[in-house]
Structure formats: C-alpha cells, structure tokens
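Taking it in order: structure first as structure tokens, then the write-up.
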Amino acid sequence: MSGVALDEARSRFALPRDGAGAPVIYFCGHSLGLMPLAARRIVNEELDCWEALGIEGQFTGRRPWVDYANLMTAGLATLTGAHAHEVVAMNALSVNLHLILASFYRPQGARRRILIEAGAFPSDRHAVAGQIAWHGLDPEDCLIELAPREGEDLLREEDIEAAIERAGETLALVLWPGVQYRTGQAFDLARIARAARRAGAMIGFDLAHAIGNLPLALHDSGADFAAWCSYKYLNGGPGAIGGAFVHERHRHRTDLPRLAGWWGNDPATRFRMAPTFECTPGAAGWQVSNPPILSSAPLLASLELFVAVGLPRLRERSIALTRALEAEIDALPPGEADIVSPRDPEARGAQLSVRVRGGRDRGRRVYEAISARGLVCDWREPDLLRIAPVPLYNTFDEVRASGRVLREALATLS
Ligand SMILES: *Cc1c(COP(=O)(O)O)cnc(C)c1O
C-alpha cells in the first residue's frame, strides 16, 4: 500500500455502532484501537494457509510463519525511531517487561533500587516489585515511587532528574512511561535517559500509551530497552502481540543472562535442534516462543496504514484534534471540568484526562450519561475521564459532537 490520504484513513476502519445501529463517537483508542478492515482479510489468509497447508505453512505460502515476526520489524522500527535489529514483535507487554528486566535488572551491592512513577499502571509495578523479590530483595527497600508535588497531578521533569540524582549509586534501573496512562502526560525520553545513565543506572521505557500516539526516537534517546503492547493506539486487536526494543549498544551482548527459548536462537541454526543456545544478536535474541500468528496478522494491517499515512502527518492532525477537544472542554460551564493533562501539546499525546466537579460519584454519573449518549471513552478511578480522539479514524465533527454530549450530560446532572 502506498500513500493513503489522511481523510481516507477513517474509511479503512470498522466503526462501532450502538444497539440501535447509530454510530458512536469512539474516543477510546487509548484502551483498544479500532479494527482495520484489512485485518479480517489477513487473518482469513492465515486460516486458509493453515487449512490448506498444515505445517507447510511454516515455510511456504504467502507469509511463511517462520519469518512472521520479521514482517512487523520495519513498521515497528519506524514507529519507535529505532534500527530494525533493535526491535522485535513478541509476547505481550508485561511478559516482555519481565523478559527484558531479567537481563537488565542485575542488582549488585548497594546498586539495587528501581525508580518508577507513583500510580504506575499496576502491571508495571507488579513486574518491578516481582523482579526485586525474585532477586531475594525487599520491594519496600528497593522500589522508589516518585509522586507529583503536593496538589499537582503531573510530574515535573526536573523532579524526575533530581530523584535519579538523589538515588545515585543505589539506583540500578529506571522504568518510565513514554506517556502516562492516567494523565496522558508525555515525557522527554532523552532527558530522562541522560539522567539515568549519568547515575549509572539502566533506563527502560514502557511505551504502551506512546507507540502509534506520538513520534518516538528511541535509538537517539539512549534508552537501554523499551516494551509496548499493540492493541491501544497501534490497533493490533485484543490481546495482540506486543513488542520490545533493546539498544544497539547491547546488540552483541549475547552473554547477558536471559530467560532463553528456541525462538531467540539464531534462525540459521534454530532448526538443527541442538542443545546449545546460539543467541540471535539484537532484540530478536529475547524471543522465547514462536509468535502467535493469529494475533499478529491484524497488526500487519494496522502497521501498513501507519506507514502509508505517515506518523508526522498523523501527529499534526492529532495535535489539532486534541486542541479542538480541549477548546470544547474549556467552553463547558465554568468550574464543571478540569483538564488534568498537560496544556502544552508537546507534553501530551492524543488523550485528555478530565476531572469533573463534584467528586467521584458525580464523575461516575457523568461518565454513564455520556456513554448512554454514544460517547465512548473511559473512566479511571477515582475521578478521571480519559478521552482520546485518534487521528487515524476520528474527525473534527466528532470532537464538536463530543462537546455537545458533555454539555448535555452535565446539564442533566447539575
Ligand atoms: C495497557 C498497559 C499494560 C497492559 O499489559 P499487558 O501485558 O498487555 O496486559 C501494561 N502497562 C501499561 C503502562 C499499560 O498501559
């Protein structure tokens, strides 16, 4: 597929409807991206291949399964700003965090602590706390959770730098989000990576809410590693195959301890079935199992669209869409709703997180009222609506309509 015009991209997606068949306003791409229409065709092609060829589909057919992970590499490298050998499609996000942490979190002596943000996505916290315990250490001592300043919702980058510096030689690793899932705050990855590396710590990013949302420059950021899922802004489908990045400087560190499996073995010798592990250089060496073909196929459809439309153009449209949504929310009756996300478009992605007046119960009722009116977003306890217009398939008309829905819902609940 070569160039696809921005306006045309929406027509390449299935657009959900409500029970009565009316289209909904789907601003929930931060949780599950919509289905590219081509996904069904590609999944069917794999089923046809299995049906017709059995095991031969591994090596023959339109897309031999043995090389399937490679089909995703170029698209992922473009979206993350990485070299092809630095990225790999595999597993799911939390699994990838564990696999990579097994290699990069190597506590030694006093250098044993991990820094994350307070209020991290639970799975990320479980992963680092679990790793700390796995090493026989105590998360109470070894996990640092940095909270925003009193009365603030967002983290200041100078405070992150200061926390890294304070931890100094006790710091083994920093795991930081590219975009924070609750607030939508985007971080300067290069700045955080520099601070971590100055302190002598490993630095990794969780890109669950960043990939496909804003352009990334992972290689240049200097990050040691990153991991992501593909079902949010990447539209890979429920439970889609995730991905990981390992920086070039570790490309030939085949000596790093890892939780190895046969798919990380050099493809040239993998099927000799020898007992020794011959590690593939680069990110692909962290693969464990052969990839799930049926939950990779839809991602191929989506990556093609991203490449055809181009992320810089998408980002431009995304900034404009989110600005328009911001204007709608700011135009609500005074005091009704506060935008928690950064006001600076450079410091956020597509998502705006909104706190409505009157506390948790009223917020929840607002959420239910807008849902009943066909605005699909989500509710995060204790008090946030997360609303994300997605540039691939959402429109400015939908943003205006969402403003009307919010006004009506608030009016009925005043
Ligand atoms: C969505 C998300 C996850 C989900 O993890 P899975 O392993 O894909 O189930 C984990 N961490 C963050 C930060 C997320 O946003």
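Going by the structure tokens order, chains are called A, B, ..., each with residues numbered from 1, while ligands are numbered from 1 in the order shown.
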
Kindly provide, as an MDAnalysis selection string, all nucleotide and amino acid residues lying within 10 Å of ligand 1, counting only C-alpha atoms and all ligand atoms. chainID A and resid 30:32 91:98 120:127 176:182 205:210 227:232 238:243

Taking 4 positions as the minimum chain separation for residues in the same chain, which residues sit within 8 Å of Thr78 in chain A when counting only C-alpha atoms? Answer as an NGL selection string. :A and (74 or 82 or 307)

Could you jot down the CA of Leu218 in chain A to CA of Leu101 in chain A separation for me, Å, one decimal place? 17.5 Å

Spatial neighbours of His219 in chain A, max dist 7 Å, only C-alpha atoms, sep filter under 4 positions, as a list in words: Gly81, Ala82, Ala223 and His247 of chain A

Convert the current residue selection to file output with all heavy atoms, as a short mmCIF file (atom, residue, chain, number, x, y, z; two decimals), in the first residue's frame.
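File produced: part.cif:
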```cif
data_model
loop_
_atom_site.label_atom_id
_atom_site.label_comp_id
_atom_site.auth_asym_id
_atom_site.auth_seq_id
_atom_site.Cartn_x
_atom_site.Cartn_y
_atom_site.Cartn_z
N GLY A 81 11.38 4.86 16.11
CA GLY A 81 12.64 5.56 15.84
C GLY A 81 13.83 4.70 16.24
O GLY A 81 14.70 5.12 17.01
N ALA A 82 13.84 3.49 15.71
CA ALA A 82 14.89 2.54 16.08
C ALA A 82 15.43 1.86 14.83
O ALA A 82 14.82 1.92 13.76
CB ALA A 82 14.32 1.48 17.03
N ALA A 223 17.92 5.10 25.40
CA ALA A 223 17.31 4.11 26.29
C ALA A 223 17.98 2.75 26.12
O ALA A 223 18.38 2.37 25.02
CB ALA A 223 15.83 3.98 25.96
N HIS A 247 18.60 -1.46 22.89
CA HIS A 247 19.50 -0.53 22.19
C HIS A 247 20.70 -1.25 21.57
O HIS A 247 21.21 -2.23 22.11
CB HIS A 247 19.99 0.54 23.17
CG HIS A 247 20.63 1.72 22.48
ND1 HIS A 247 21.94 1.72 22.06
CD2 HIS A 247 20.10 2.90 22.10
CE1 HIS A 247 22.21 2.87 21.47
NE2 HIS A 247 21.10 3.61 21.48
#
```

From the DSSP assignment of the backbone, select every residue of range 127-332 of chain A that is helix (DSSP H, G or I), and format the answer as a PDB file with C-alpha atoms, in the first residue's frame.
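Final output, part_8.pdb:
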```
ATOM      1  CA  ALA A 127       6.632  -6.552  37.322  1.00  0.00           C
ATOM      2  CA  VAL A 128       9.331  -4.492  39.040  1.00  0.00           C
ATOM      3  CA  ALA A 129       8.263  -5.490  42.559  1.00  0.00           C
ATOM      4  CA  GLY A 130       8.191  -9.099  41.393  1.00  0.00           C
ATOM      5  CA  GLN A 131      11.685  -8.818  39.923  1.00  0.00           C
ATOM      6  CA  ILE A 132      13.023  -7.287  43.110  1.00  0.00           C
ATOM      7  CA  ALA A 133      11.543 -10.132  45.169  1.00  0.00           C
ATOM      8  CA  TRP A 134      12.808 -12.656  42.612  1.00  0.00           C
ATOM      9  CA  PRO A 139      10.435  -4.066  47.375  1.00  0.00           C
ATOM     10  CA  GLU A 140       9.927  -1.888  50.472  1.00  0.00           C
ATOM     11  CA  ASP A 141      13.641  -1.013  50.348  1.00  0.00           C
ATOM     12  CA  CYS A 142      14.303  -1.268  46.656  1.00  0.00           C
ATOM     13  CA  GLU A 157      10.901  16.562  34.648  1.00  0.00           C
ATOM     14  CA  GLU A 158      13.337  18.399  36.910  1.00  0.00           C
ATOM     15  CA  ASP A 159      11.887  16.429  39.826  1.00  0.00           C
ATOM     16  CA  ILE A 160      12.493  13.175  37.967  1.00  0.00           C
ATOM     17  CA  GLU A 161      16.091  14.206  37.346  1.00  0.00           C
ATOM     18  CA  ALA A 162      16.501  15.149  40.982  1.00  0.00           C
ATOM     19  CA  ALA A 163      15.072  11.819  42.167  1.00  0.00           C
ATOM     20  CA  ILE A 164      17.505   9.965  39.916  1.00  0.00           C
ATOM     21  CA  GLU A 165      20.398  12.016  41.182  1.00  0.00           C
ATOM     22  CA  ARG A 166      19.342  11.513  44.809  1.00  0.00           C
ATOM     23  CA  ALA A 167      19.226   7.762  44.384  1.00  0.00           C
ATOM     24  CA  GLY A 168      22.680   7.953  42.758  1.00  0.00           C
ATOM     25  CA  GLU A 169      24.761   4.841  43.257  1.00  0.00           C
ATOM     26  CA  THR A 170      21.902   2.929  44.828  1.00  0.00           C
ATOM     27  CA  LEU A 189      12.662  10.371  26.979  1.00  0.00           C
ATOM     28  CA  ALA A 190      16.147  11.574  26.051  1.00  0.00           C
ATOM     29  CA  ARG A 191      16.260  13.822  29.095  1.00  0.00           C
ATOM     30  CA  ILE A 192      15.248  11.043  31.485  1.00  0.00           C
ATOM     31  CA  ALA A 193      17.603   8.589  29.799  1.00  0.00           C
ATOM     32  CA  ARG A 194      20.518  11.027  30.152  1.00  0.00           C
ATOM     33  CA  ALA A 195      19.844  11.460  33.847  1.00  0.00           C
ATOM     34  CA  ALA A 196      19.615   7.710  34.431  1.00  0.00           C
ATOM     35  CA  ARG A 197      22.789   6.995  32.515  1.00  0.00           C
ATOM     36  CA  ARG A 198      24.635   9.760  34.372  1.00  0.00           C
ATOM     37  CA  LEU A 218      14.175   5.521  20.918  1.00  0.00           C
ATOM     38  CA  HIS A 219      17.608   4.893  19.482  1.00  0.00           C
ATOM     39  CA  ASP A 220      18.687   8.511  19.844  1.00  0.00           C
ATOM     40  CA  SER A 221      17.126   8.756  23.299  1.00  0.00           C
ATOM     41  CA  GLU A 248      22.254  -1.204  19.691  1.00  0.00           C
ATOM     42  CA  ARG A 249      24.895  -0.943  22.410  1.00  0.00           C
ATOM     43  CA  HIS A 250      23.635  -4.291  23.738  1.00  0.00           C
ATOM     44  CA  TRP A 262      14.365 -21.565  20.984  1.00  0.00           C
ATOM     45  CA  TRP A 263      12.945 -18.576  19.076  1.00  0.00           C
ATOM     46  CA  GLY A 264      15.802 -16.422  20.379  1.00  0.00           C
ATOM     47  CA  PRO A 267      17.399 -18.597  12.847  1.00  0.00           C
ATOM     48  CA  ALA A 268      20.211 -20.068  10.772  1.00  0.00           C
ATOM     49  CA  THR A 269      20.734 -22.866  13.316  1.00  0.00           C
ATOM     50  CA  ARG A 270      17.391 -22.917  15.161  1.00  0.00           C
ATOM     51  CA  ALA A 283      16.353  -7.547  20.236  1.00  0.00           C
ATOM     52  CA  ALA A 284      15.329 -10.739  18.425  1.00  0.00           C
ATOM     53  CA  GLY A 285      17.547 -12.666  20.847  1.00  0.00           C
ATOM     54  CA  TRP A 286      14.987 -12.038  23.604  1.00  0.00           C
ATOM     55  CA  ILE A 293       0.246 -15.835  14.042  1.00  0.00           C
ATOM     56  CA  LEU A 294      -3.458 -15.090  14.509  1.00  0.00           C
ATOM     57  CA  SER A 295      -2.793 -12.249  16.942  1.00  0.00           C
ATOM     58  CA  ALA A 297      -1.947 -10.777  11.483  1.00  0.00           C
ATOM     59  CA  PRO A 298      -4.193  -7.792  12.390  1.00  0.00           C
ATOM     60  CA  LEU A 299      -1.151  -5.783  13.423  1.00  0.00           C
ATOM     61  CA  LEU A 300       0.252  -6.174   9.908  1.00  0.00           C
ATOM     62  CA  ALA A 301      -2.874  -4.463   8.583  1.00  0.00           C
ATOM     63  CA  SER A 302      -2.505  -1.581  11.010  1.00  0.00           C
ATOM     64  CA  LEU A 303       1.235  -1.097  10.541  1.00  0.00           C
ATOM     65  CA  GLU A 304       0.675  -0.834   6.810  1.00  0.00           C
ATOM     66  CA  LEU A 305      -1.749   2.018   7.405  1.00  0.00           C
ATOM     67  CA  PHE A 306       0.609   3.841   9.750  1.00  0.00           C
ATOM     68  CA  VAL A 307       3.393   3.606   7.200  1.00  0.00           C
ATOM     69  CA  ALA A 308       1.132   4.647   4.318  1.00  0.00           C
ATOM     70  CA  VAL A 309      -0.249   7.703   6.131  1.00  0.00           C
ATOM     71  CA  LEU A 311       3.367   9.355  11.636  1.00  0.00           C
ATOM     72  CA  PRO A 312       4.444  13.013  11.289  1.00  0.00           C
ATOM     73  CA  ARG A 313       1.201  13.837   9.442  1.00  0.00           C
ATOM     74  CA  LEU A 314      -0.803  11.857  11.961  1.00  0.00           C
ATOM     75  CA  ARG A 315       0.823  13.673  14.829  1.00  0.00           C
ATOM     76  CA  GLU A 316      -0.002  17.031  13.273  1.00  0.00           C
ATOM     77  CA  ARG A 317      -3.636  16.028  12.966  1.00  0.00           C
ATOM     78  CA  SER A 318      -3.584  14.563  16.461  1.00  0.00           C
ATOM     79  CA  ILE A 319      -2.362  17.831  17.963  1.00  0.00           C
ATOM     80  CA  ALA A 320      -5.135  19.712  16.156  1.00  0.00           C
ATOM     81  CA  LEU A 321      -7.847  17.223  17.184  1.00  0.00           C
ATOM     82  CA  THR A 322      -6.808  17.266  20.826  1.00  0.00           C
ATOM     83  CA  ARG A 323      -6.591  21.061  20.790  1.00  0.00           C
ATOM     84  CA  ALA A 324     -10.144  21.160  19.437  1.00  0.00           C
ATOM     85  CA  LEU A 325     -11.288  18.807  22.202  1.00  0.00           C
ATOM     86  CA  GLU A 326      -9.501  20.987  24.751  1.00  0.00           C
ATOM     87  CA  ALA A 327     -11.433  24.006  23.452  1.00  0.00           C
ATOM     88  CA  GLU A 328     -14.736  22.114  23.799  1.00  0.00           C
ATOM     89  CA  ILE A 329     -13.945  21.189  27.392  1.00  0.00           C
ATOM     90  CA  ASP A 330     -12.772  24.689  28.254  1.00  0.00           C
TER      91      ASP A 330
END
```

Based on DSSP run over this structure's backbone, return all residues of range 180-280 of chain A in strand (DSSP E), as an NGL selection string. :A and (202-206 or 225-228 or 243-246)

CA of Glu86 in chain A to CA of Ala388 in chain A, straight-line distance in Å: 29.2 Å

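Taking CA of Ala102 in chain A and CA of Tyr68 in chain A as endpoints, the distance between them is 25.0 Å.
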
Set the distance at 7 Å and use only C-alpha atoms: which residues neighbour range 353-358 of chain A once local chain neighbours fewer than 4 positions away are removed? I'd like the list as a PDB file with all heavy atoms, in the first residue's frame.
```
ATOM      1  N   THR A 183      -2.812  10.226  33.190  1.00  0.00           N
ATOM      2  CA  THR A 183      -2.867  11.670  32.932  1.00  0.00           C
ATOM      3  C   THR A 183      -2.625  12.035  31.468  1.00  0.00           C
ATOM      4  O   THR A 183      -2.876  13.176  31.082  1.00  0.00           O
ATOM      5  CB  THR A 183      -1.789  12.402  33.754  1.00  0.00           C
ATOM      6  OG1 THR A 183      -0.500  11.934  33.318  1.00  0.00           O
ATOM      7  CG2 THR A 183      -1.950  12.131  35.239  1.00  0.00           C
ATOM      8  N   GLY A 184      -2.080  11.111  30.700  1.00  0.00           N
ATOM      9  CA  GLY A 184      -1.761  11.430  29.308  1.00  0.00           C
ATOM     10  C   GLY A 184      -0.492  12.258  29.153  1.00  0.00           C
ATOM     11  O   GLY A 184      -0.176  12.707  28.049  1.00  0.00           O
ATOM     12  N   GLY A 335     -15.970  25.865  35.959  1.00  0.00           N
ATOM     13  CA  GLY A 335     -15.834  25.021  37.145  1.00  0.00           C
ATOM     14  C   GLY A 335     -16.338  23.606  36.960  1.00  0.00           C
ATOM     15  O   GLY A 335     -16.171  22.762  37.832  1.00  0.00           O
ATOM     16  N   GLU A 336     -16.938  23.300  35.815  1.00  0.00           N
ATOM     17  CA  GLU A 336     -17.510  21.957  35.629  1.00  0.00           C
ATOM     18  C   GLU A 336     -16.464  20.874  35.415  1.00  0.00           C
ATOM     19  O   GLU A 336     -16.613  19.763  35.885  1.00  0.00           O
ATOM     20  CB  GLU A 336     -18.473  21.959  34.434  1.00  0.00           C
ATOM     21  CG  GLU A 336     -19.866  22.422  34.763  1.00  0.00           C
ATOM     22  CD  GLU A 336     -20.639  21.414  35.617  1.00  0.00           C
ATOM     23  OE1 GLU A 336     -20.018  20.557  36.271  1.00  0.00           O
ATOM     24  OE2 GLU A 336     -21.868  21.491  35.622  1.00  0.00           O
ATOM     25  N   ALA A 337     -15.416  21.207  34.656  1.00  0.00           N
ATOM     26  CA  ALA A 337     -14.452  20.164  34.294  1.00  0.00           C
ATOM     27  C   ALA A 337     -13.051  20.750  34.207  1.00  0.00           C
ATOM     28  O   ALA A 337     -12.856  21.804  33.615  1.00  0.00           O
ATOM     29  CB  ALA A 337     -14.851  19.546  32.958  1.00  0.00           C
ATOM     30  N   ASP A 338     -12.105  20.056  34.809  1.00  0.00           N
ATOM     31  CA  ASP A 338     -10.696  20.469  34.758  1.00  0.00           C
ATOM     32  C   ASP A 338      -9.905  19.496  33.916  1.00  0.00           C
ATOM     33  O   ASP A 338      -9.996  18.285  34.111  1.00  0.00           O
ATOM     34  CB  ASP A 338     -10.085  20.433  36.162  1.00  0.00           C
ATOM     35  CG  ASP A 338     -10.482  21.648  36.961  1.00  0.00           C
ATOM     36  OD1 ASP A 338     -10.642  22.714  36.342  1.00  0.00           O
ATOM     37  OD2 ASP A 338     -10.632  21.496  38.178  1.00  0.00           O
ATOM     38  N   ILE A 339      -9.109  20.041  33.022  1.00  0.00           N
ATOM     39  CA  ILE A 339      -8.207  19.187  32.253  1.00  0.00           C
ATOM     40  C   ILE A 339      -6.955  18.950  33.093  1.00  0.00           C
ATOM     41  O   ILE A 339      -6.275  19.892  33.509  1.00  0.00           O
ATOM     42  CB  ILE A 339      -7.862  19.839  30.901  1.00  0.00           C
ATOM     43  CG1 ILE A 339      -9.136  19.909  30.053  1.00  0.00           C
ATOM     44  CG2 ILE A 339      -6.768  19.057  30.191  1.00  0.00           C
ATOM     45  CD1 ILE A 339      -8.981  20.637  28.737  1.00  0.00           C
ATOM     46  N   VAL A 340      -6.696  17.673  33.357  1.00  0.00           N
ATOM     47  CA  VAL A 340      -5.552  17.285  34.177  1.00  0.00           C
ATOM     48  C   VAL A 340      -4.303  17.133  33.303  1.00  0.00           C
ATOM     49  O   VAL A 340      -3.183  17.370  33.745  1.00  0.00           O
ATOM     50  CB  VAL A 340      -5.896  15.956  34.901  1.00  0.00           C
ATOM     51  CG1 VAL A 340      -4.669  15.273  35.452  1.00  0.00           C
ATOM     52  CG2 VAL A 340      -6.936  16.213  35.983  1.00  0.00           C
ATOM     53  N   SER A 341      -4.494  16.752  32.046  1.00  0.00           N
ATOM     54  CA  SER A 341      -3.371  16.540  31.128  1.00  0.00           C
ATOM     55  C   SER A 341      -2.634  17.853  30.891  1.00  0.00           C
ATOM     56  O   SER A 341      -3.200  18.934  31.082  1.00  0.00           O
ATOM     57  CB  SER A 341      -3.884  16.017  29.788  1.00  0.00           C
ATOM     58  OG  SER A 341      -4.690  14.891  29.983  1.00  0.00           O
ATOM     59  N   ARG A 362     -20.334  11.844  41.290  1.00  0.00           N
ATOM     60  CA  ARG A 362     -20.874  12.640  40.182  1.00  0.00           C
ATOM     61  C   ARG A 362     -20.076  12.371  38.910  1.00  0.00           C
ATOM     62  O   ARG A 362     -20.653  12.228  37.823  1.00  0.00           O
ATOM     63  CB  ARG A 362     -20.852  14.127  40.531  1.00  0.00           C
ATOM     64  CG  ARG A 362     -21.465  14.987  39.429  1.00  0.00           C
ATOM     65  CD  ARG A 362     -21.865  16.374  39.923  1.00  0.00           C
ATOM     66  NE  ARG A 362     -22.509  17.152  38.872  1.00  0.00           N
ATOM     67  CZ  ARG A 362     -21.845  17.894  37.978  1.00  0.00           C
ATOM     68  NH1 ARG A 362     -20.522  17.948  37.996  1.00  0.00           N
ATOM     69  NH2 ARG A 362     -22.513  18.575  37.059  1.00  0.00           N
ATOM     70  N   GLY A 363     -18.759  12.239  39.055  1.00  0.00           N
ATOM     71  CA  GLY A 363     -17.917  11.933  37.890  1.00  0.00           C
ATOM     72  C   GLY A 363     -18.360  10.652  37.214  1.00  0.00           C
ATOM     73  O   GLY A 363     -18.481  10.575  35.988  1.00  0.00           O
ATOM     74  N   ASP A 383     -11.372   9.458  39.802  1.00  0.00           N
ATOM     75  CA  ASP A 383     -12.178  10.594  39.348  1.00  0.00           C
ATOM     76  C   ASP A 383     -11.846  11.106  37.956  1.00  0.00           C
ATOM     77  O   ASP A 383     -12.018  12.280  37.671  1.00  0.00           O
ATOM     78  CB  ASP A 383     -12.052  11.752  40.360  1.00  0.00           C
ATOM     79  CG  ASP A 383     -10.611  12.228  40.530  1.00  0.00           C
ATOM     80  OD1 ASP A 383      -9.704  11.648  39.893  1.00  0.00           O
ATOM     81  OD2 ASP A 383     -10.385  13.163  41.305  1.00  0.00           O
ATOM     82  N   LEU A 384     -11.358  10.247  37.062  1.00  0.00           N
ATOM     83  CA  LEU A 384     -10.937  10.771  35.758  1.00  0.00           C
ATOM     84  C   LEU A 384     -11.678  10.146  34.579  1.00  0.00           C
ATOM     85  O   LEU A 384     -11.853   8.924  34.502  1.00  0.00           O
ATOM     86  CB  LEU A 384      -9.430  10.538  35.550  1.00  0.00           C
ATOM     87  CG  LEU A 384      -8.476  11.406  36.371  1.00  0.00           C
ATOM     88  CD1 LEU A 384      -7.033  11.027  36.028  1.00  0.00           C
ATOM     89  CD2 LEU A 384      -8.703  12.888  36.125  1.00  0.00           C
ATOM     90  N   LEU A 385     -12.091  11.025  33.653  1.00  0.00           N
ATOM     91  CA  LEU A 385     -12.498  10.590  32.320  1.00  0.00           C
ATOM     92  C   LEU A 385     -11.248  10.655  31.442  1.00  0.00           C
ATOM     93  O   LEU A 385     -10.509  11.634  31.490  1.00  0.00           O
ATOM     94  CB  LEU A 385     -13.540  11.550  31.733  1.00  0.00           C
ATOM     95  CG  LEU A 385     -14.877  11.667  32.450  1.00  0.00           C
ATOM     96  CD1 LEU A 385     -15.647  12.867  31.890  1.00  0.00           C
ATOM     97  CD2 LEU A 385     -15.680  10.389  32.248  1.00  0.00           C
ATOM     98  N   ARG A 386     -11.017   9.624  30.668  1.00  0.00           N
ATOM     99  CA  ARG A 386      -9.897   9.670  29.708  1.00  0.00           C
ATOM    100  C   ARG A 386     -10.496   9.649  28.305  1.00  0.00           C
ATOM    101  O   ARG A 386     -11.177   8.693  27.928  1.00  0.00           O
ATOM    102  CB  ARG A 386      -8.966   8.475  29.892  1.00  0.00           C
ATOM    103  CG  ARG A 386      -8.301   8.416  31.265  1.00  0.00           C
ATOM    104  CD  ARG A 386      -7.250   7.324  31.306  1.00  0.00           C
ATOM    105  NE  ARG A 386      -7.782   6.065  30.815  1.00  0.00           N
ATOM    106  CZ  ARG A 386      -7.036   5.059  30.371  1.00  0.00           C
ATOM    107  NH1 ARG A 386      -5.714   5.175  30.339  1.00  0.00           N
ATOM    108  NH2 ARG A 386      -7.596   3.939  29.951  1.00  0.00           N
ATOM    109  N   ILE A 387     -10.238  10.708  27.554  1.00  0.00           N
ATOM    110  CA  ILE A 387     -10.882  10.905  26.256  1.00  0.00           C
ATOM    111  C   ILE A 387      -9.792  11.086  25.205  1.00  0.00           C
ATOM    112  O   ILE A 387      -8.951  11.978  25.340  1.00  0.00           O
ATOM    113  CB  ILE A 387     -11.774  12.169  26.291  1.00  0.00           C
ATOM    114  CG1 ILE A 387     -12.639  12.183  27.574  1.00  0.00           C
ATOM    115  CG2 ILE A 387     -12.639  12.248  25.046  1.00  0.00           C
ATOM    116  CD1 ILE A 387     -13.473  13.444  27.742  1.00  0.00           C
TER     117      ILE A 387
END
```

Residues near Asp48 in chain A, cut-off 12 Å, only C-alpha atoms, skip fewer than 4 positions along chain, as a ChimeraX atom specification: /A:40-44,52-54,57,61-63,294
